[in-house]
Every structure is written in structure tokens, then in C-alpha cells.
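Undergrad: Sharing protein34.txt (compact mmCIF, C-alpha atoms and all ligand atoms) below.
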```
# COMPACT_ATOMS: atom_id res chain seq x y z
CA MET A 1091 162.09 282.12 167.98
CA SER A 1092 158.39 281.50 168.71
CA THR A 1093 157.07 277.96 169.14
CA ARG A 1094 155.10 278.28 165.90
CA ARG A 1095 158.19 279.32 163.93
CA ASN A 1096 160.15 276.55 165.62
CA SER A 1097 157.66 273.91 164.53
CA ALA A 1098 157.58 275.32 160.96
CA ARG A 1099 161.39 274.94 160.90
CA ASP A 1100 161.10 271.41 162.27
CA ARG A 1101 158.59 270.54 159.57
CA ALA A 1102 160.84 271.97 156.83
CA ARG A 1103 163.72 270.02 158.31
CA ARG A 1104 161.80 266.77 157.99
CA GLU A 1105 160.00 267.41 154.72
CA LEU A 1106 163.01 268.86 152.88
CA GLY A 1107 165.57 266.38 154.19
CA GLN A 1108 167.52 269.11 155.95
CA ASN A 1109 170.45 267.23 157.42
CA PHE A 1110 173.08 269.93 157.22
CA LEU A 1111 176.75 269.11 156.84
CA ILE A 1112 178.68 270.36 159.86
CA ASP A 1113 182.06 268.75 159.17
CA ARG A 1114 184.10 271.25 157.21
CA SER A 1115 186.73 268.69 156.23
CA VAL A 1116 184.05 266.65 154.42
CA ALA A 1117 182.88 269.76 152.54
CA ARG A 1118 186.46 270.57 151.58
CA HIS A 1119 187.16 266.99 150.51
CA LEU A 1120 184.06 266.91 148.32
CA VAL A 1121 185.04 270.17 146.60
CA ASP A 1122 188.65 268.96 146.20
CA LEU A 1123 187.34 265.91 144.33
CA LEU A 1124 186.07 268.13 141.52
CA ASP A 1125 188.29 268.15 138.47
CA PRO A 1126 190.45 271.26 138.55
CA SER A 1127 188.71 273.53 136.07
CA PRO A 1128 187.25 277.00 135.88
CA LEU A 1129 183.77 275.64 135.14
CA PRO A 1130 180.96 277.26 137.11
CA VAL A 1131 179.11 275.06 139.59
CA VAL A 1132 175.40 274.50 140.13
CA GLU A 1133 174.85 273.49 143.75
CA LEU A 1134 171.64 271.57 144.45
CA GLY A 1135 170.06 272.10 147.87
CA ALA A 1136 172.52 274.65 149.26
CA GLY A 1137 170.85 274.96 152.69
CA ARG A 1138 173.08 276.77 155.21
CA GLY A 1139 175.89 276.93 152.67
CA ALA A 1140 178.45 274.43 154.01
CA LEU A 1141 179.42 273.37 150.47
CA THR A 1142 178.69 276.77 148.92
CA ARG A 1143 181.33 278.48 151.04
CA GLU A 1144 183.96 275.86 150.15
CA LEU A 1145 183.15 276.24 146.47
CA VAL A 1146 183.51 280.03 146.69
CA HIS A 1147 186.73 279.56 148.66
CA ALA A 1148 188.02 277.34 145.82
CA GLY A 1149 187.36 280.18 143.38
CA ARG A 1150 184.26 278.71 141.72
CA THR A 1151 181.37 280.74 140.39
CA VAL A 1152 178.33 279.24 142.10
CA THR A 1153 174.62 279.12 141.35
CA ALA A 1154 172.93 277.78 144.49
CA VAL A 1155 169.49 276.19 144.22
CA GLU A 1156 167.48 276.07 147.44
CA LEU A 1157 163.74 275.63 147.95
CA ASP A 1158 163.48 276.81 151.56
CA ARG A 1159 163.01 280.58 151.59
CA HIS A 1160 164.57 280.89 155.04
CA TRP A 1161 167.88 279.40 153.87
CA SER A 1162 167.86 280.96 150.40
CA ASP A 1163 167.48 284.41 152.01
CA GLU A 1164 170.22 283.66 154.55
CA LEU A 1165 172.54 282.51 151.81
CA ARG A 1166 171.93 285.63 149.71
CA ASP A 1167 172.95 287.71 152.72
CA SER A 1168 175.96 285.66 153.77
CA CYS A 1169 177.34 284.85 150.28
CA PRO A 1170 176.72 287.92 148.11
CA ARG A 1171 178.91 286.54 145.29
CA VAL A 1172 176.67 283.51 144.92
CA SER A 1173 173.65 283.56 142.65
CA VAL A 1174 170.90 282.03 144.79
CA ILE A 1175 167.85 280.64 143.01
CA ARG A 1176 164.88 279.76 145.18
CA CYS A 1177 163.15 276.89 143.41
CA ASP A 1178 162.51 273.16 143.41
CA MET A 1179 165.68 271.52 142.08
CA LEU A 1180 163.50 269.08 140.13
CA ASP A 1181 162.17 272.04 138.12
CA PHE A 1182 165.42 274.01 137.88
CA ARG A 1183 166.35 275.05 134.34
CA PHE A 1184 169.97 273.95 134.06
CA PRO A 1185 172.40 276.09 132.06
CA THR A 1186 173.10 275.26 128.45
CA ALA A 1187 176.80 276.23 128.78
CA PRO A 1188 179.19 273.72 130.45
CA TYR A 1189 179.17 273.48 134.25
CA ALA A 1190 179.74 271.04 137.14
CA VAL A 1191 177.21 269.94 139.75
CA VAL A 1192 177.60 269.59 143.50
CA GLY A 1193 174.92 268.59 145.96
CA ASN A 1194 174.25 267.11 149.35
CA LEU A 1195 170.92 265.82 148.12
CA PRO A 1196 167.80 265.58 150.29
CA PHE A 1197 167.25 261.87 150.94
CA GLY A 1198 163.62 261.86 149.77
CA ILE A 1199 164.35 262.91 146.17
CA THR A 1200 167.80 261.44 145.56
CA THR A 1201 166.70 259.02 142.84
CA ALA A 1202 164.33 261.47 141.15
CA MET A 1203 167.04 264.14 141.10
CA THR A 1204 169.72 261.74 139.85
CA ARG A 1205 167.38 260.68 137.04
CA ARG A 1206 166.72 264.32 136.19
CA LEU A 1207 170.44 265.12 136.18
CA LEU A 1208 171.37 262.21 133.97
CA GLY A 1209 168.97 263.52 131.35
CA GLU A 1210 170.71 266.94 131.30
CA ARG A 1211 173.30 267.49 128.60
CA SER A 1212 175.69 270.25 129.64
CA TRP A 1213 177.35 269.23 132.91
CA SER A 1214 180.67 267.43 132.94
CA GLU A 1215 180.78 265.96 136.46
CA ALA A 1216 178.51 265.74 139.49
CA MET A 1217 179.77 265.31 143.08
CA LEU A 1218 176.83 264.04 145.07
CA LEU A 1219 176.52 263.34 148.77
CA VAL A 1220 173.77 260.74 149.11
CA GLN A 1221 172.79 257.91 151.46
CA TRP A 1222 175.59 255.37 151.80
CA ASP A 1223 173.55 252.48 150.37
CA VAL A 1224 172.50 254.55 147.38
CA ALA A 1225 176.08 255.67 146.70
CA ARG A 1226 177.32 252.09 146.94
CA LYS A 1227 174.57 250.74 144.70
CA ARG A 1228 175.17 253.38 142.04
CA ALA A 1229 178.94 252.88 142.09
CA SER A 1230 178.66 249.10 141.85
CA GLY A 1231 176.75 249.62 138.62
CA GLY A 1232 174.22 246.84 139.02
CA SER A 1233 170.92 248.71 138.97
CA LEU A 1234 168.52 249.34 136.10
CA LEU A 1235 169.15 253.11 136.31
CA ASN A 1236 172.93 252.62 136.08
CA ALA A 1237 172.70 250.17 133.20
CA GLN A 1238 170.43 252.55 131.30
CA TRP A 1239 172.99 255.35 131.54
CA ALA A 1240 176.30 253.45 131.71
CA PRO A 1241 177.31 254.06 128.05
CA TRP A 1242 177.32 257.80 128.76
CA TYR A 1243 178.41 258.10 132.41
CA GLU A 1244 180.83 256.59 134.91
CA PHE A 1245 179.79 256.28 138.56
CA ARG A 1246 182.50 256.17 141.27
CA LEU A 1247 182.34 255.94 145.05
CA HIS A 1248 184.63 258.35 146.94
CA GLY A 1249 184.11 257.33 150.54
CA ARG A 1250 181.70 257.07 153.39
CA VAL A 1251 180.60 260.04 155.51
CA SER A 1252 179.58 259.38 159.10
CA ALA A 1253 176.01 260.30 160.05
CA ARG A 1254 177.63 262.36 162.84
CA SER A 1255 178.89 264.80 160.20
CA PHE A 1256 175.31 266.09 159.78
CA ARG A 1257 172.83 267.95 161.98
CA PRO A 1258 170.31 266.72 162.80
CA VAL A 1259 172.07 263.34 162.76
CA PRO A 1260 170.36 261.12 160.13
CA ALA A 1261 169.65 257.42 160.62
CA VAL A 1262 172.26 256.34 158.09
CA ASP A 1263 175.73 257.36 156.90
CA GLY A 1264 176.28 259.25 153.67
CA GLY A 1265 178.45 258.37 150.68
CA ILE A 1266 180.23 260.55 148.13
CA LEU A 1267 179.34 259.59 144.59
CA LYS A 1268 181.07 261.09 141.58
CA VAL A 1269 179.25 260.87 138.28
CA GLN A 1270 181.37 261.73 135.27
CA ARG A 1271 180.20 262.18 131.72
CA ARG A 1272 182.26 259.93 129.47
CA PRO A 1273 184.37 262.04 127.10
CA HIS A 1274 183.95 259.21 124.57
CA PRO A 1275 180.51 257.68 125.06
CA LEU A 1276 180.19 253.97 124.33
CA MET A 1277 177.10 254.60 122.20
CA PRO A 1278 175.73 257.52 120.18
CA LEU A 1279 173.15 259.64 122.00
CA GLY A 1280 170.73 258.96 119.15
CA ASP A 1281 170.38 255.39 120.51
CA LEU A 1282 169.50 256.51 124.04
CA ARG A 1283 165.73 255.85 124.10
CA ARG A 1284 165.92 252.57 122.14
CA TYR A 1285 168.82 251.35 124.29
CA GLN A 1286 167.05 252.29 127.54
CA ARG A 1287 163.89 250.41 126.51
CA PHE A 1288 166.06 247.43 125.62
CA VAL A 1289 167.82 247.47 129.03
CA GLU A 1290 164.51 247.75 130.88
CA ALA A 1291 163.06 244.84 128.90
CA VAL A 1292 166.09 242.67 129.75
CA PHE A 1293 166.06 243.68 133.44
CA THR A 1294 162.35 242.91 133.81
CA GLY A 1295 162.07 240.08 131.28
CA ARG A 1296 161.32 236.45 132.10
CA GLY A 1297 163.86 233.68 131.98
CA ARG A 1298 166.09 231.44 134.05
CA GLY A 1299 169.28 233.39 133.78
CA LEU A 1300 170.32 236.21 131.51
CA ALA A 1301 170.86 234.14 128.35
CA GLU A 1302 167.29 232.83 128.45
CA THR A 1303 165.86 236.28 129.24
CA VAL A 1304 167.77 237.80 126.33
CA ARG A 1305 166.44 235.06 124.05
CA ASN A 1306 162.87 235.68 125.25
CA VAL A 1307 163.16 239.45 124.89
CA THR A 1308 165.07 239.68 121.63
CA GLY A 1309 164.76 236.33 119.87
CA CYS A 1310 168.59 236.20 119.64
CA ARG A 1311 170.81 233.48 121.09
CA ILE A 1312 173.83 235.11 122.68
CA ARG A 1313 176.66 233.04 124.13
CA ASN A 1314 178.90 233.62 127.13
CA LEU A 1315 176.57 235.84 129.13
CA PRO A 1316 176.90 236.14 132.92
CA ALA A 1317 174.08 234.90 135.16
CA LEU A 1318 172.21 238.15 135.77
CA PRO A 1319 171.70 241.58 134.15
CA ARG A 1320 173.41 243.23 137.11
CA ASP A 1321 176.62 241.33 136.27
CA LEU A 1322 177.01 243.13 132.93
CA THR A 1323 179.54 245.96 132.71
CA ALA A 1324 178.87 249.11 130.68
CA GLU A 1325 180.94 247.69 127.83
CA ALA A 1326 179.09 244.34 128.01
CA TRP A 1327 175.69 246.10 127.82
CA THR A 1328 176.89 248.01 124.79
CA HIS A 1329 178.04 244.80 123.10
CA LEU A 1330 174.83 243.01 123.98
CA TYR A 1331 172.78 245.83 122.48
CA ALA A 1332 174.91 245.79 119.33
CA GLU A 1333 174.69 242.00 119.02
CA THR A 1334 170.93 241.63 119.41
CA THR A 1335 169.81 242.63 115.95
CA CYS A 1336 167.40 239.78 115.15
CA PRO A 1337 164.10 240.71 113.41
CA LYS A 1338 162.17 240.51 116.73
CA THR A 1339 164.47 243.12 118.31
CA ARG A 1340 164.12 245.42 115.33
CA GLU A 1341 160.35 245.25 115.59
CA ARG A 1342 160.14 245.57 119.35
CA PHE A 1343 162.69 248.32 119.89
CA GLY A 1344 162.40 250.15 116.58
CA ARG A 1345 166.03 249.33 115.76
CA PRO A 1346 167.26 250.39 112.36
C1 LIG B 1401 170.79 267.51 152.99
S1 LIG B 1401 170.48 269.24 152.97
C2 LIG B 1401 172.01 269.87 152.39
C3 LIG B 1401 172.24 271.30 152.74
C4 LIG B 1401 173.66 271.82 152.50
N1 LIG B 1401 174.06 271.71 151.12
C5 LIG B 1401 174.64 271.07 153.37
O1 LIG B 1401 175.41 270.27 152.82
O2 LIG B 1401 174.64 271.26 154.58
C6 LIG B 1401 169.42 269.34 151.56
C7 LIG B 1401 169.00 270.75 151.18
O3 LIG B 1401 168.14 270.68 150.04
C8 LIG B 1401 167.01 271.54 150.22
N2 LIG B 1401 165.92 270.96 149.44
C9 LIG B 1401 165.11 269.94 149.77
N3 LIG B 1401 164.28 269.65 148.77
C10 LIG B 1401 164.56 270.54 147.78
C11 LIG B 1401 164.04 270.75 146.48
N4 LIG B 1401 163.07 270.00 146.00
N5 LIG B 1401 164.56 271.74 145.73
C12 LIG B 1401 165.57 272.53 146.21
N6 LIG B 1401 166.12 272.38 147.44
C13 LIG B 1401 165.61 271.39 148.22
C14 LIG B 1401 166.76 271.53 151.71
O4 LIG B 1401 166.04 272.65 152.12
C15 LIG B 1401 168.19 271.47 152.26
O5 LIG B 1401 168.71 272.75 152.43
```
Mind turning the file's structure into C-alpha cells?
Ligand SMILES: C[S@@+](CC[C@H](N)C(=O)[O-])C[C@H]1O[C@@H](n2cnc3c(N)ncnc32)[C@H](O)[C@@H]1O

TA:
Amino acid sequence: MSTRRNSARDRARRELGQNFLIDRSVARHLVDLLDPSPLPVVELGAGRGALTRELVHAGRTVTAVELDRHWSDELRDSCPRVSVIRCDMLDFRFPTAPYAVVGNLPFGITTAMTRRLLGERSWSEAMLLVQWDVARKRASGGSLLNAQWAPWYEFRLHGRVSARSFRPVPAVDGGILKVQRRPHPLMPLGDLRRYQRFVEAVFTGRGRGLAETVRNVTGCRIRNLPALPRDLTAEAWTHLYAETTCPKTRERFGRP
């Protein structure tokens, strides 16, 4: 390969977060964690196909999304049964029929892609390989993003993946995060936007402790609240939303 092509590859590697999985047992484990089902899989950022091949091996029908032409072309050649779509995963038009999602996400767009995914309606579960800290934070449930989606999704951590399982070796370990759509959501989807504005207002509102913040934001006095928004479980957020129906809340959040 010429020096110029080498440096173009190096640039793609950096800019597209190309830390390829080289440990086959991790790829197999991640695919095994999917619920046994015949659902097709959308793979985000397929790269050299480490996960793609395990998915095909497990009998799944795979649509592989990959932005880098070099790797999308390679994958088309090496996995003819896979439908390879060369595009930015942030712009990918997800199927309307049910499917599952798998992805070793590029570090730079993990949060943007997670946000995008959570807004999609037709997938049942997503197995994501992300930075260890991100996986841990999502699974512990204490962030604004989690709280905004907790009535509709469950987030679970399924182990740590050593940085040595990737090439080039990244600065930090990875973590396997499973996001599952709740079969029985804690809140109707019609409340999504109002609820999310409410959660953001509570997370960013002023007050010494959660009870005071809730009073400032909603005008309602709620008893027995924990100290901080991050201490609320999905069920507790749902109750809090249901309980705060004072006139100020109705006005501010357009509550019926
Ligand atoms: C961490 S690598 C994972 C590759 C492969 N799935 C694996 O596990 O070895 C991330 C992959 O996402 C691709 N990628 C980066 N940004 C992308 C984007 N915006 N849209 C689609 N693919 C992207 C990269 O080219 C790279 O192949």
C-alpha cells in the first residue's frame, strides 16, 4: 500500500473511531446475549465484519451499515449474504418492521447514536459495545438521557471488554450495554415529549435537594423524595410525573 493510501487509512481510523474487535469470543458472547429470535439485525458500524460474521453464523439476516467505503466494499465481497449499506449511521433510515440492533459504536458518536436509536420505534433490543464508562453510566440509570427514556427502555450492563480486544488498542476498555424496549412501558408514548421536558427541567432546576427543585419547577410539594434526580428509579420518575399535576405544571409542561 502506498504511503498516501496508508495515511488516508490512518486518518479514517482516527476520524471514524475504527478500533476493530479482534477477540472472537467477545463477538460471539455479544451475539449470544441477543434474545433468541428470528428477528433480522441492523448492525451499526460493521467495519471489518467481526460481529457481522458471528451474526450470520448465528443464522441472522443482517443489514450492515458502514460509512467507510473501503470496509463496506470488503464486507460486500466477504459476506455476500449480508446487505451492506454505505451511509452515516446517524442518517440511516431504520426499518419499520421489527428488528434488533447490534453495534460496536465509534467512540465519537456514541451518545448521538444512542439518542437517535432511542427515538426509533421498531427495534426490540440493542446490544451495544461502547466505552466502559459510558456503558456503566447508562446501566446505572442516573443520567438525564436515561431518565428521559427509562419509562420505555431498560438499560443493562453485560460486562467489561479489555482494550486489548481491539486493534488499534484504544485508551480505555469497552463495556457491553443491552438496551431493551419494555414490553409494558411505564407511560404512554403520547406523554413522551411532555415527560422529557419535565425530566430536563427537574435535572437542571434550582434547589437544595430534589424536593426543593421539584417544588421550584412544578409548584407541587412532594414528600419522601431522595436527595438527587439521579437517585430516582424509572418507576419513581413515572410516579413523580404523575403526582406533579399542580396548575403551574399544567401551564409549564402543557399537561392535560
Ligand atoms: C469501533 S469500529 C467497529 C467495527 C466492527 N463492528 C468491529 O466490531 O470490529 C466502528 C465502525 O463504525 C464505522 N463508522 C464510524 N462512524 C460511522 C458513521 N457515522 N456511520 C457509519 N459507520 C461509521 C467505522 O468506520 C468503523 O468501521

Undergrad: Name the closest residue to A:Val1224 among the candidates A:Arg1101, A:Arg1272, A:Arg1250, A:Arg1298; distances are taken between atoms, counting only C-alpha atoms.

TA: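 Ranked by minimum distance to A:Val1224, first place goes to A:Arg1250.
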
Undergrad: Could you give me, as a tab-separated table (two decimals) with C-alpha atoms, keeping the file's coordinate frame, every polymer residue with an atom at most 6 Å away from an atom of ligand LIG 1401 (chain B), counting all atoms listed in the file?

TA:
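This is the output file selection.tsv:
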```
chain	number	residue	atom	x	y	z
A	1106	LEU	CA	163.01	268.86	152.88
A	1107	GLY	CA	165.57	266.38	154.19
A	1108	GLN	CA	167.52	269.11	155.95
A	1109	ASN	CA	170.45	267.23	157.42
A	1110	PHE	CA	173.08	269.93	157.22
A	1111	LEU	CA	176.75	269.11	156.84
A	1135	GLY	CA	170.06	272.10	147.87
A	1136	ALA	CA	172.52	274.65	149.26
A	1137	GLY	CA	170.85	274.96	152.69
A	1138	ARG	CA	173.08	276.77	155.21
A	1139	GLY	CA	175.89	276.93	152.67
A	1140	ALA	CA	178.45	274.43	154.01
A	1141	LEU	CA	179.42	273.37	150.47
A	1155	VAL	CA	169.49	276.19	144.22
A	1156	GLU	CA	167.48	276.07	147.44
A	1157	LEU	CA	163.74	275.63	147.95
A	1158	ASP	CA	163.48	276.81	151.56
A	1177	CYS	CA	163.15	276.89	143.41
A	1178	ASP	CA	162.51	273.16	143.41
A	1179	MET	CA	165.68	271.52	142.08
A	1180	LEU	CA	163.50	269.08	140.13
A	1194	ASN	CA	174.25	267.11	149.35
A	1195	LEU	CA	170.92	265.82	148.12
A	1196	PRO	CA	167.80	265.58	150.29
```

Undergrad: Give me the residues within 12 Å of stretch 1312-1316 of chain A as a short mmCIF file (atom, residue, chain, number, x, y, z; two decimals) with C-alpha atoms, in the coordinates of the input, counting only C-alpha atoms and dropping any in the same chain fewer than 3 places off.

TA:
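out29.cif was written with the following content:
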```cif
data_model
loop_
_atom_site.label_atom_id
_atom_site.label_comp_id
_atom_site.auth_asym_id
_atom_site.auth_seq_id
_atom_site.Cartn_x
_atom_site.Cartn_y
_atom_site.Cartn_z
CA ARG A 1298 166.09 231.44 134.05
CA GLY A 1299 169.28 233.39 133.78
CA LEU A 1300 170.32 236.21 131.51
CA ALA A 1301 170.86 234.14 128.35
CA GLU A 1302 167.29 232.83 128.45
CA THR A 1303 165.86 236.28 129.24
CA VAL A 1304 167.77 237.80 126.33
CA ARG A 1305 166.44 235.06 124.05
CA ASN A 1306 162.87 235.68 125.25
CA VAL A 1307 163.16 239.45 124.89
CA THR A 1308 165.07 239.68 121.63
CA GLY A 1309 164.76 236.33 119.87
CA PRO A 1319 171.70 241.58 134.15
CA ARG A 1320 173.41 243.23 137.11
CA ASP A 1321 176.62 241.33 136.27
CA LEU A 1322 177.01 243.13 132.93
CA THR A 1323 179.54 245.96 132.71
CA ALA A 1326 179.09 244.34 128.01
CA TRP A 1327 175.69 246.10 127.82
CA HIS A 1329 178.04 244.80 123.10
CA LEU A 1330 174.83 243.01 123.98
CA TYR A 1331 172.78 245.83 122.48
CA ALA A 1332 174.91 245.79 119.33
CA GLU A 1333 174.69 242.00 119.02
CA THR A 1334 170.93 241.63 119.41
CA THR A 1335 169.81 242.63 115.95
CA CYS A 1336 167.40 239.78 115.15
#
```

Undergrad: For each of A:Trp1239, A:Phe1197, A:Phe1245, A:Phe1256, take the minimum atom-to-atom distance to A:Val1289, counting all atoms listed in the file, then give the residue where this is smallest.

TA: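 Once distances to A:Val1289 are computed over all atoms listed in the file, the minimum belongs to A:Trp1239.
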
Undergrad: Please compute the atom CA of A:Leu1123-atom CA of A:His1147 distance, one decimal, in Å.

TA: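 If I compute the distance from atom CA of A:Leu1123 to atom CA of A:His1147, I get 14.3 Å.
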
Undergrad: In Å, how far is it from atom CA of A:Cys1310 to atom CA of A:Gly1231?

TA: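 If I compute the distance from atom CA of A:Cys1310 to atom CA of A:Gly1231, I get 24.6 Å.
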
Undergrad: Show me as a JSON list (two decimals) with C-alpha atoms, in the coordinates of the input the residues that reach within 10 Å of (174.9, 277.9, 142.7), counting only C-alpha atoms and using the file's own coordinates.

TA:
```json
[["chain", "number", "residue", "atom", "x", "y", "z"],
["A", 1130, "PRO", "CA", 180.96, 277.26, 137.11],
["A", 1131, "VAL", "CA", 179.11, 275.06, 139.59],
["A", 1132, "VAL", "CA", 175.40, 274.50, 140.13],
["A", 1133, "GLU", "CA", 174.85, 273.49, 143.75],
["A", 1134, "LEU", "CA", 171.64, 271.57, 144.45],
["A", 1135, "GLY", "CA", 170.06, 272.10, 147.87],
["A", 1136, "ALA", "CA", 172.52, 274.65, 149.26],
["A", 1142, "THR", "CA", 178.69, 276.77, 148.92],
["A", 1145, "LEU", "CA", 183.15, 276.24, 146.47],
["A", 1146, "VAL", "CA", 183.51, 280.03, 146.69],
["A", 1150, "ARG", "CA", 184.26, 278.71, 141.72],
["A", 1151, "THR", "CA", 181.37, 280.74, 140.39],
["A", 1152, "VAL", "CA", 178.33, 279.24, 142.10],
["A", 1153, "THR", "CA", 174.62, 279.12, 141.35],
["A", 1154, "ALA", "CA", 172.93, 277.78, 144.49],
["A", 1155, "VAL", "CA", 169.49, 276.19, 144.22],
["A", 1156, "GLU", "CA", 167.48, 276.07, 147.44],
["A", 1171, "ARG", "CA", 178.91, 286.54, 145.29],
["A", 1172, "VAL", "CA", 176.67, 283.51, 144.92],
["A", 1173, "SER", "CA", 173.65, 283.56, 142.65],
["A", 1174, "VAL", "CA", 170.90, 282.03, 144.79],
["A", 1175, "ILE", "CA", 167.85, 280.64, 143.01],
["A", 1191, "VAL", "CA", 177.21, 269.94, 139.75],
["A", 1192, "VAL", "CA", 177.60, 269.59, 143.50],
["A", 1193, "GLY", "CA", 174.92, 268.59, 145.96]]
```

Undergrad: So the first atom is atom CA of A:Leu1279 and the second is atom CA of A:Ala1324; what is the distance between them in Å, to one decimal place?

TA: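 Those two atoms sit 14.8 Å apart.
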
Undergrad: Which of these, A:Ile1266, A:Ala1117, A:Ile1112, A:Leu1165, has the shortest distance to A:Val1220 once you count all atoms listed in the file?

TA: A:Ile1266

Undergrad: Considering all atoms listed in the file, can you say which of A:Arg1271, A:Arg1114, A:Arg1283, A:Arg1311 comes closest to A:Leu1208?

TA: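 Using all atoms listed in the file, A:Leu1208 sits closest to A:Arg1271.
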
Undergrad: Which is closer to A:Val1251 than all the others in A:Thr1294, A:Gln1221, A:Thr1339, A:Ser1233, using all atoms listed in the file?

TA: A:Gln1221

Undergrad: Counting all atoms listed in the file, what is within 9 Å of A:Phe1343, bar same-chain residues fewer than 6 positions away, as a PyMOL selection string?

TA: chain A and resi 1284-1285+1287-1288

Undergrad: For A:Arg1246, which residue out of A:Lys1268, A:Arg1104, A:Lys1227, A:Arg1099 is the nearest one, using all atoms listed in the file?

TA: A:Lys1268

Undergrad: May I have the residues within 10 Å of A:Glu1290 as a list in words, using all atoms listed in the file and disregarding those fewer than 3 positions away in the same chain?

TA: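 Everything that qualifies: Leu1234, Leu1235, Ala1237, Gln1238, Tyr1285, Gln1286, Arg1287, Phe1293, Thr1294 and Gly1295 of chain A.
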
Undergrad: Env of A:Val1269: 7 Å cut, atoms = all atoms listed in the file, seq-sep filter 3 positions within chain, self excluded. Answer as a ChimeraX atom specification.

TA: /A:1215-1217,1243-1246
